[in-house]
Amino acid sequence: MKNNQENNNLDEKGNDDLELGAVIKNEIEFYPKVGEWKTEFPVYDHDKCIGCGICVKHCPEGAIKLIKTPKGKKAVADLEWCKGCGICPTVCPTKAIQMRKK
Ligand code: SF4
Ligand code: SF4
């Protein structure tokens, strides 16, 4: 990593030619998908899901969303972004989510 004296030709965003790893870029494409980290994944029982959205608010990866179905709103997880942390089943009031081994 360069020191401050060497970095005095930064552009207005402060990016210039700093080494990767020294700069946090505010661009979503650099955020790695974390789905491959998991050893377990959540399975949603839509007969039990009441569409309350509590799991959506608690997912640290923003991997869960509510979708419209003929039986009302139901939760689904994007497994490319779910890292298998197991939080969502602990907050679901109707026990609609079960973790399964990958
Ligand atoms: S917390 Fe449970 S009931 Fe609420 S939306 Fe999520 S899965 Fe459905
Ligand atoms: S297991 Fe964790 S990361 Fe995956 S959907 Fe549930 S809360 Fe989100």
# chains A, B, ... in the order shown; residues from 1 in each chain; ligands from 1

call {"tool": "residues_near_ligand", "arguments": {"ligand": "ligand 1", "cutoff": "6 Å", "atoms": "only C-alpha atoms and all ligand atoms", "output": "list in words"}}
result
Cys49, Ile50, Gly51, Cys52, Gly53, Ile54, Cys55, Lys74, Ala75, Cys92, Pro93, Thr94, Ala96 and Ile97 of chain A

call {"tool": "write_last_selection", "arguments": {"atoms": "C-alpha atoms", "output": "CSV table (one decimal), in the first residue's frame"}}
result
chain,number,residue,atom,x,y,z
A,49,CYS,CA,-45.6,-18.6,5.9
A,50,ILE,CA,-48.0,-15.7,6.7
A,51,GLY,CA,-45.9,-13.2,4.7
A,52,CYS,CA,-45.0,-11.1,7.7
A,53,GLY,CA,-41.6,-10.1,6.4
A,54,ILE,CA,-39.8,-10.6,9.7
A,55,CYS,CA,-37.2,-12.9,8.0
A,74,LYS,CA,-44.7,-15.7,0.7
A,75,ALA,CA,-41.0,-15.6,1.6
A,92,CYS,CA,-40.0,-16.8,12.0
A,93,PRO,CA,-43.1,-16.7,14.2
A,94,THR,CA,-44.8,-19.6,12.5
A,96,ALA,CA,-42.1,-21.9,8.4
A,97,ILE,CA,-38.4,-22.1,7.8

call {"tool": "residues_near_ligand", "arguments": {"ligand": "ligand 2", "cutoff": "8 Å", "atoms": "only C-alpha atoms and all ligand atoms", "output": "PyMOL selection string"}}
result
chain A and resi 40-42+55-56+58-64+77-79+81-89+99

call {"tool": "atom_distance", "arguments": {"atom1": "atom CA of Gly35 of chain A", "atom2": "atom CA of Lys71 of chain A"}}
result
28.2 Å

call {"tool": "atom_distance", "arguments": {"atom1": "atom CA of Glu80 of chain A", "atom2": "atom CA of Asp47 of chain A"}}
result
24.0 Å

call {"tool": "atom_distance", "arguments": {"atom1": "atom CA of Gly72 of chain A", "atom2": "atom CA of His46 of chain A"}}
result
9.6 Å

call {"tool": "residues_around", "arguments": {"residues": "Val76 of chain A", "least_positions_apart": "3", "cutoff": "8 Å", "atoms": "only C-alpha atoms", "output": "ChimeraX atom specification"}}
result
/A:44,64-67

call {"tool": "write_last_selection", "arguments": {"atoms": "C-alpha atoms", "output": "short mmCIF file (atom, residue, chain, number, x, y, z; two decimals), in the first residue's frame"}}
result
data_model
loop_
_atom_site.label_atom_id
_atom_site.label_comp_id
_atom_site.auth_asym_id
_atom_site.auth_seq_id
_atom_site.Cartn_x
_atom_site.Cartn_y
_atom_site.Cartn_z
CA TYR A 44 -39.65 -22.23 3.28
CA ILE A 64 -34.98 -13.01 1.26
CA LYS A 65 -37.89 -11.34 -0.46
CA LEU A 66 -41.65 -11.67 -0.42
CA ILE A 67 -43.33 -12.78 -3.61
#

call {"tool": "select_by_dssp", "arguments": {"residues": "segment 53-89 of chain A", "states": "helix (DSSP H, G or I)", "output": "list in words"}}
result
Ile54, Cys55, Val56, Lys57, His58, Ile87, Cys88 and Pro89 of chain A

call {"tool": "closest_residue", "arguments": {"among": "A:Lys101, A:Lys48, A:Lys38, A:Lys33", "to": "Lys73 of chain A", "atoms": "only C-alpha atoms"}}
result
A:Lys48
